[in-house]
Amino acid sequence: MQLTVLRGRDDECRTIQGLLDAITDGGGSLLVHGEPGSGRTALLGHAHRHVEGRTTTVLAGAGLAEEAALPYAGLQRLLDPLLDRAAALPKEQRHLLRRALGGEDCPNGRQLALSMAVLGLLAVAARDRPLLVTMDDVDLGDPQTGRVLAFAARRLRRLPVVVLLTADVTATIDGIAAHRLRPLTERESAAVLTDRLRLRSQRQCDVVDADRPPERPAPPVVAALGVVGGGNPQALADLADVLTPGQWRGEERLPTVPPTDGALGRAYRTRLDRLPPSTRRLLLLAALDEESGPGAPTRATRAAVEALARRRSPAWSA
């Protein structure tokens, strides 16, 4: 089966494929950390494609900031295809599960029983076929879902179940293998830009030659864009999508930052919107303070992210 190439993510793809290829011998879990645009979602897509055509059940979900205040909302969306199997659970677990997923929350003293119910439901589903469970941006959704998934992910050794989670760099989950995505190298960045240019040229095959991008970007252009993109795959893709043919050929001035209306810019705006007003003000002041030097915005950003992590970090160590 031909899989989409993920430039610079060979090691991560091999790790995920190894978990999936050995799923019948016992399950496993992995948390993928990364900045927005680093390729976390693409790796989950790679996992989904890797099991296509196999006898593997796939449950895919994503954490939604809009539902972060709704306990177990993410879990309800994720487990909905399996709820007809809940009849196989013990009565108490079945009652707790239906209550939690029905919006009634779960008493603090019953959290362990509820987590065991979710683990039991996954085990029931995996009796017939191995099970791949993915949750993208688990840190954005309700913390109750994150805690329950973390509990289950730590207890898969004897089950044909693989759990893959993605989160921002500030999120941690005790007891689960974690991997942080690194920036792309100069060569890998060049490959992303070339791939994107080739795709764009194919889409514009009917335009006149003067308006069509070249078949290959000029080497100085690739080098300059690689620096602007900072090794972030989405930043590179956004840059490639807005360049004029003249810019691709090195005949016109290149942008010095990724486009603010690109996918990466929209992702960061969403993150900023979730920050407290005082933190947003700190970032704005740092960005406007030219006398503080180039490191000031970076320090301010780090402080803001750490402050956000302290406010939102879920207790996933249980």
# chains A, B, ... in the order shown; residues from 1 in each chain; ligands from 1
>>> closest_atom_pairs(of="stretch 29-99 of chain A", to="stretch 152-171 of chain A", cutoff="8 Å", atoms="only C-alpha atoms", output="tab-separated table")
residue	atom	partner	partner_atom	distance
A:Ser29	CA	A:Val163	CA	4.6
A:Leu30	CA	A:Leu164	CA	5.1
A:Leu31	CA	A:Leu165	CA	4.7
A:Val32	CA	A:Thr166	CA	4.7
A:His33	CA	A:Val169	CA	5.1
A:Gly34	CA	A:Val169	CA	5.2
A:Glu35	CA	A:Asp168	CA	5.9
A:Pro36	CA	A:Asp168	CA	7.3
A:Arg40	CA	A:Thr166	CA	6.2
A:Thr41	CA	A:Thr166	CA	7.5
A:Leu44	CA	A:Leu164	CA	7.4
>>> residues_around(residues="A:Gln76", least_positions_apart="3", cutoff="8 Å", atoms="only C-alpha atoms", output="list in words")
Tyr72, Ala73, Leu79, Asp80, Leu101 and Gly102 of chain A
>>> closest_residue(among="A:Leu19, A:Leu254, A:Ala178, A:Ile173", to="A:His50", atoms="only C-alpha atoms")
A:Leu19
>>> residues_around(residues="A:Leu43", least_positions_apart="6", cutoff="9 Å", atoms="only C-alpha atoms", output="tab-separated table (two decimals) with N, CA and C atoms, in the first residue's frame")
chain	number	residue	atom	x	y	z
A	6	LEU	N	5.68	11.76	4.58
A	6	LEU	CA	5.75	12.80	5.60
A	6	LEU	C	7.22	13.17	5.75
A	9	ARG	N	9.71	12.82	9.04
A	9	ARG	CA	9.03	12.09	10.11
A	9	ARG	C	9.16	10.58	9.94
A	12	GLU	N	9.20	8.64	13.35
A	12	GLU	CA	7.88	8.60	13.97
A	12	GLU	C	6.96	7.63	13.23
A	13	CYS	N	7.02	7.63	11.91
A	13	CYS	CA	6.20	6.70	11.14
A	13	CYS	C	6.57	5.25	11.44
A	16	ILE	N	5.15	4.25	14.89
A	16	ILE	CA	3.71	4.01	14.84
A	16	ILE	C	3.41	2.70	14.11
A	32	VAL	N	2.24	12.08	21.05
A	32	VAL	CA	3.08	12.88	20.15
A	32	VAL	C	2.90	14.35	20.50
>>> atom_distance(atom1="atom CA of A:Thr24", atom2="atom CA of A:Pro130")
6.7 Å
>>> select_by_dssp(residues="stretch 68-195 of chain A", states="strand (DSSP E or B)", output="VMD selection string")
chain A and resid 131 to 136 161 to 167 178 to 180
>>> residues_around(residues="A:Arg99", least_positions_apart="5", cutoff="12 Å", atoms="only C-alpha atoms", output="PyMOL selection string")
chain A and resi 71-72+76+92-94+104-107+110+114+117
>>> write_last_selection(atoms="N, CA and C atoms", output="mmCIF file, in the first residue's frame")
data_model
loop_
_atom_site.group_PDB
_atom_site.id
_atom_site.type_symbol
_atom_site.label_atom_id
_atom_site.label_comp_id
_atom_site.auth_asym_id
_atom_site.auth_seq_id
_atom_site.Cartn_x
_atom_site.Cartn_y
_atom_site.Cartn_z
ATOM 1 N N PRO A 71 -17.864 17.908 30.602
ATOM 2 C CA PRO A 71 -17.201 16.674 31.021
ATOM 3 C C PRO A 71 -17.540 15.487 30.119
ATOM 4 N N TYR A 72 -16.498 14.796 29.658
ATOM 5 C CA TYR A 72 -16.596 13.573 28.859
ATOM 6 C C TYR A 72 -17.194 13.788 27.469
ATOM 7 N N GLN A 76 -17.481 10.858 24.664
ATOM 8 C CA GLN A 76 -18.767 10.468 24.082
ATOM 9 C C GLN A 76 -18.663 10.361 22.561
ATOM 10 N N GLU A 92 -22.820 -2.171 37.125
ATOM 11 C CA GLU A 92 -22.391 -0.909 37.725
ATOM 12 C C GLU A 92 -21.560 -0.090 36.736
ATOM 13 N N GLN A 93 -20.637 -0.740 36.040
ATOM 14 C CA GLN A 93 -19.818 -0.030 35.058
ATOM 15 C C GLN A 93 -20.677 0.502 33.920
ATOM 16 N N ARG A 94 -21.621 -0.303 33.476
ATOM 17 C CA ARG A 94 -22.502 0.123 32.380
ATOM 18 C C ARG A 94 -23.300 1.360 32.790
ATOM 19 N N GLU A 104 -24.196 13.579 32.656
ATOM 20 C CA GLU A 104 -24.455 13.710 34.093
ATOM 21 C C GLU A 104 -23.179 13.730 34.921
ATOM 22 N N ASP A 105 -22.007 13.727 34.278
ATOM 23 C CA ASP A 105 -20.720 13.739 34.968
ATOM 24 C C ASP A 105 -20.562 12.428 35.751
ATOM 25 N N CYS A 106 -19.545 12.391 36.597
ATOM 26 C CA CYS A 106 -19.265 11.187 37.387
ATOM 27 C C CYS A 106 -18.743 11.627 38.745
ATOM 28 N N PRO A 107 -19.281 11.103 39.828
ATOM 29 C CA PRO A 107 -18.789 11.483 41.159
ATOM 30 C C PRO A 107 -17.293 11.181 41.292
ATOM 31 N N ARG A 110 -16.111 7.728 42.012
ATOM 32 C CA ARG A 110 -16.418 6.672 41.047
ATOM 33 C C ARG A 110 -15.552 6.790 39.783
ATOM 34 N N LEU A 114 -15.398 4.225 36.527
ATOM 35 C CA LEU A 114 -15.699 4.682 35.173
ATOM 36 C C LEU A 114 -14.544 4.398 34.227
ATOM 37 N N ALA A 117 -14.583 0.930 33.277
ATOM 38 C CA ALA A 117 -15.660 0.665 32.321
ATOM 39 C C ALA A 117 -15.208 0.976 30.897
#
>>> closest_atom_pairs(of="stretch 135-191 of chain A", to="stretch 222-241 of chain A", cutoff="9 Å", atoms="only C-alpha atoms", output="tab-separated table")
residue	atom	partner	partner_atom	distance
A:Arg182	CA	A:Gly231	CA	8.2
A:Pro183	CA	A:Gly231	CA	4.4
A:Leu184	CA	A:Gly231	CA	4.3
A:Thr185	CA	A:Gly231	CA	6.3
A:Glu186	CA	A:Gly226	CA	6.3
A:Arg187	CA	A:Gly226	CA	8.8
A:Glu188	CA	A:Gly231	CA	8.2
A:Ser189	CA	A:Gly226	CA	5.7
A:Ala190	CA	A:Val222	CA	5.8
>>> select_by_dssp(residues="stretch 73-265 of chain A", states="helix (DSSP H, G or I)", output="PyMOL selection string")
chain A and resi 73-88+91-104+108-125+143-153+186-203+209-211+219-229+233-242+245-248+263-265
>>> closest_residue(among="A:Ala126, A:Val58, A:Met116, A:Val257", to="A:Arg147", atoms="only C-alpha atoms")
A:Met116
>>> atom_distance(atom1="atom CA of A:Thr56", atom2="atom CA of A:Val118")
18.6 Å
>>> decode(residues="stretch 258-273 of chain A", atoms="all heavy atoms", output="mmCIF file, in the first residue's frame")
data_model
loop_
_atom_site.group_PDB
_atom_site.id
_atom_site.type_symbol
_atom_site.label_atom_id
_atom_site.label_comp_id
_atom_site.auth_asym_id
_atom_site.auth_seq_id
_atom_site.Cartn_x
_atom_site.Cartn_y
_atom_site.Cartn_z
ATOM 1 N N PRO A 258 5.719 33.761 7.526
ATOM 2 C CA PRO A 258 4.612 32.991 6.943
ATOM 3 C C PRO A 258 3.353 33.848 6.863
ATOM 4 O O PRO A 258 3.178 34.779 7.648
ATOM 5 C CB PRO A 258 4.434 31.824 7.932
ATOM 6 C CG PRO A 258 5.751 31.714 8.631
ATOM 7 C CD PRO A 258 6.265 33.124 8.733
ATOM 8 N N PRO A 259 2.456 33.557 5.930
ATOM 9 C CA PRO A 259 1.230 34.364 5.780
ATOM 10 C C PRO A 259 0.343 34.265 7.017
ATOM 11 O O PRO A 259 0.124 33.174 7.553
ATOM 12 C CB PRO A 259 0.558 33.762 4.549
ATOM 13 C CG PRO A 259 1.106 32.375 4.451
ATOM 14 C CD PRO A 259 2.516 32.453 4.959
ATOM 15 N N THR A 260 -0.159 35.396 7.466
ATOM 16 C CA THR A 260 -0.989 35.402 8.672
ATOM 17 C C THR A 260 -2.343 34.738 8.457
ATOM 18 O O THR A 260 -2.989 34.315 9.419
ATOM 19 C CB THR A 260 -1.214 36.846 9.160
ATOM 20 O OG1 THR A 260 -1.816 37.607 8.098
ATOM 21 C CG2 THR A 260 0.102 37.494 9.545
ATOM 22 N N ASP A 261 -2.774 34.647 7.194
ATOM 23 C CA ASP A 261 -4.068 34.021 6.913
ATOM 24 C C ASP A 261 -3.919 32.568 6.490
ATOM 25 O O ASP A 261 -4.882 31.953 6.011
ATOM 26 C CB ASP A 261 -4.822 34.798 5.834
ATOM 27 C CG ASP A 261 -4.028 34.923 4.535
ATOM 28 O OD1 ASP A 261 -2.819 34.597 4.548
ATOM 29 O OD2 ASP A 261 -4.619 35.332 3.519
ATOM 30 N N GLY A 262 -2.719 31.991 6.659
ATOM 31 C CA GLY A 262 -2.513 30.587 6.352
ATOM 32 C C GLY A 262 -3.014 29.696 7.478
ATOM 33 O O GLY A 262 -3.469 30.169 8.526
ATOM 34 N N ALA A 263 -2.903 28.396 7.276
ATOM 35 C CA ALA A 263 -3.392 27.443 8.278
ATOM 36 C C ALA A 263 -2.672 27.603 9.617
ATOM 37 O O ALA A 263 -3.286 27.519 10.688
ATOM 38 C CB ALA A 263 -3.222 26.017 7.758
ATOM 39 N N LEU A 264 -1.362 27.853 9.569
ATOM 40 C CA LEU A 264 -0.618 28.015 10.812
ATOM 41 C C LEU A 264 -1.011 29.301 11.529
ATOM 42 O O LEU A 264 -1.165 29.317 12.755
ATOM 43 C CB LEU A 264 0.883 28.005 10.522
ATOM 44 C CG LEU A 264 1.796 28.033 11.752
ATOM 45 C CD1 LEU A 264 1.547 26.816 12.631
ATOM 46 C CD2 LEU A 264 3.262 28.097 11.337
ATOM 47 N N GLY A 265 -1.178 30.382 10.782
ATOM 48 C CA GLY A 265 -1.612 31.637 11.392
ATOM 49 C C GLY A 265 -2.955 31.501 12.068
ATOM 50 O O GLY A 265 -3.168 32.022 13.177
ATOM 51 N N ARG A 266 -3.881 30.779 11.425
ATOM 52 C CA ARG A 266 -5.206 30.584 12.032
ATOM 53 C C ARG A 266 -5.098 29.754 13.310
ATOM 54 O O ARG A 266 -5.804 30.010 14.286
ATOM 55 C CB ARG A 266 -6.146 29.910 11.029
ATOM 56 C CG ARG A 266 -6.489 30.778 9.823
ATOM 57 C CD ARG A 266 -7.646 30.200 9.040
ATOM 58 N NE ARG A 266 -7.343 28.895 8.482
ATOM 59 C CZ ARG A 266 -6.777 28.698 7.291
ATOM 60 N NH1 ARG A 266 -6.445 29.743 6.548
ATOM 61 N NH2 ARG A 266 -6.554 27.482 6.829
ATOM 62 N N ALA A 267 -4.206 28.761 13.310
ATOM 63 C CA ALA A 267 -4.035 27.927 14.502
ATOM 64 C C ALA A 267 -3.520 28.745 15.676
ATOM 65 O O ALA A 267 -3.988 28.592 16.818
ATOM 66 C CB ALA A 267 -3.077 26.778 14.194
ATOM 67 N N TYR A 268 -2.565 29.628 15.412
ATOM 68 C CA TYR A 268 -2.038 30.446 16.497
ATOM 69 C C TYR A 268 -3.048 31.480 16.968
ATOM 70 O O TYR A 268 -3.099 31.808 18.163
ATOM 71 C CB TYR A 268 -0.733 31.109 16.068
ATOM 72 C CG TYR A 268 0.472 30.241 16.350
ATOM 73 C CD1 TYR A 268 1.125 29.562 15.332
ATOM 74 C CD2 TYR A 268 0.938 30.092 17.651
ATOM 75 C CE1 TYR A 268 2.224 28.758 15.589
ATOM 76 C CE2 TYR A 268 2.037 29.290 17.926
ATOM 77 C CZ TYR A 268 2.676 28.629 16.895
ATOM 78 O OH TYR A 268 3.762 27.827 17.171
ATOM 79 N N ARG A 269 -3.851 32.004 16.068
ATOM 80 C CA ARG A 269 -4.888 32.939 16.504
ATOM 81 C C ARG A 269 -5.880 32.241 17.431
ATOM 82 O O ARG A 269 -6.360 32.834 18.401
ATOM 83 C CB ARG A 269 -5.608 33.538 15.294
ATOM 84 C CG ARG A 269 -4.826 34.633 14.601
ATOM 85 C CD ARG A 269 -5.726 35.502 13.744
ATOM 86 N NE ARG A 269 -6.379 34.744 12.697
ATOM 87 C CZ ARG A 269 -5.823 34.463 11.524
ATOM 88 N NH1 ARG A 269 -4.597 34.868 11.254
ATOM 89 N NH2 ARG A 269 -6.493 33.791 10.603
ATOM 90 N N THR A 270 -6.181 30.989 17.126
ATOM 91 C CA THR A 270 -7.078 30.230 18.001
ATOM 92 C C THR A 270 -6.467 30.062 19.376
ATOM 93 O O THR A 270 -7.143 30.189 20.406
ATOM 94 C CB THR A 270 -7.382 28.855 17.375
ATOM 95 O OG1 THR A 270 -8.014 29.039 16.106
ATOM 96 C CG2 THR A 270 -8.289 28.038 18.279
ATOM 97 N N ARG A 271 -5.157 29.784 19.412
ATOM 98 C CA ARG A 271 -4.486 29.634 20.705
ATOM 99 C C ARG A 271 -4.508 30.952 21.475
ATOM 100 O O ARG A 271 -4.741 30.971 22.681
ATOM 101 C CB ARG A 271 -3.037 29.181 20.488
ATOM 102 C CG ARG A 271 -2.901 27.790 19.877
ATOM 103 C CD ARG A 271 -1.434 27.455 19.673
ATOM 104 N NE ARG A 271 -0.790 27.145 20.932
ATOM 105 C CZ ARG A 271 0.534 27.043 21.074
ATOM 106 N NH1 ARG A 271 1.319 27.273 20.041
ATOM 107 N NH2 ARG A 271 1.064 26.737 22.233
ATOM 108 N N LEU A 272 -4.245 32.051 20.792
ATOM 109 C CA LEU A 272 -4.249 33.361 21.455
ATOM 110 C C LEU A 272 -5.624 33.689 22.021
ATOM 111 O O LEU A 272 -5.742 34.268 23.101
ATOM 112 C CB LEU A 272 -3.804 34.440 20.472
ATOM 113 C CG LEU A 272 -2.314 34.493 20.141
ATOM 114 C CD1 LEU A 272 -2.060 35.489 19.015
ATOM 115 C CD2 LEU A 272 -1.498 34.857 21.373
ATOM 116 N N ASP A 273 -6.666 33.330 21.282
ATOM 117 C CA ASP A 273 -8.026 33.620 21.740
ATOM 118 C C ASP A 273 -8.347 32.888 23.041
ATOM 119 O O ASP A 273 -9.216 33.331 23.806
ATOM 120 C CB ASP A 273 -9.045 33.233 20.666
ATOM 121 C CG ASP A 273 -8.999 34.155 19.452
ATOM 122 O OD1 ASP A 273 -8.430 35.257 19.576
ATOM 123 O OD2 ASP A 273 -9.500 33.759 18.386
#
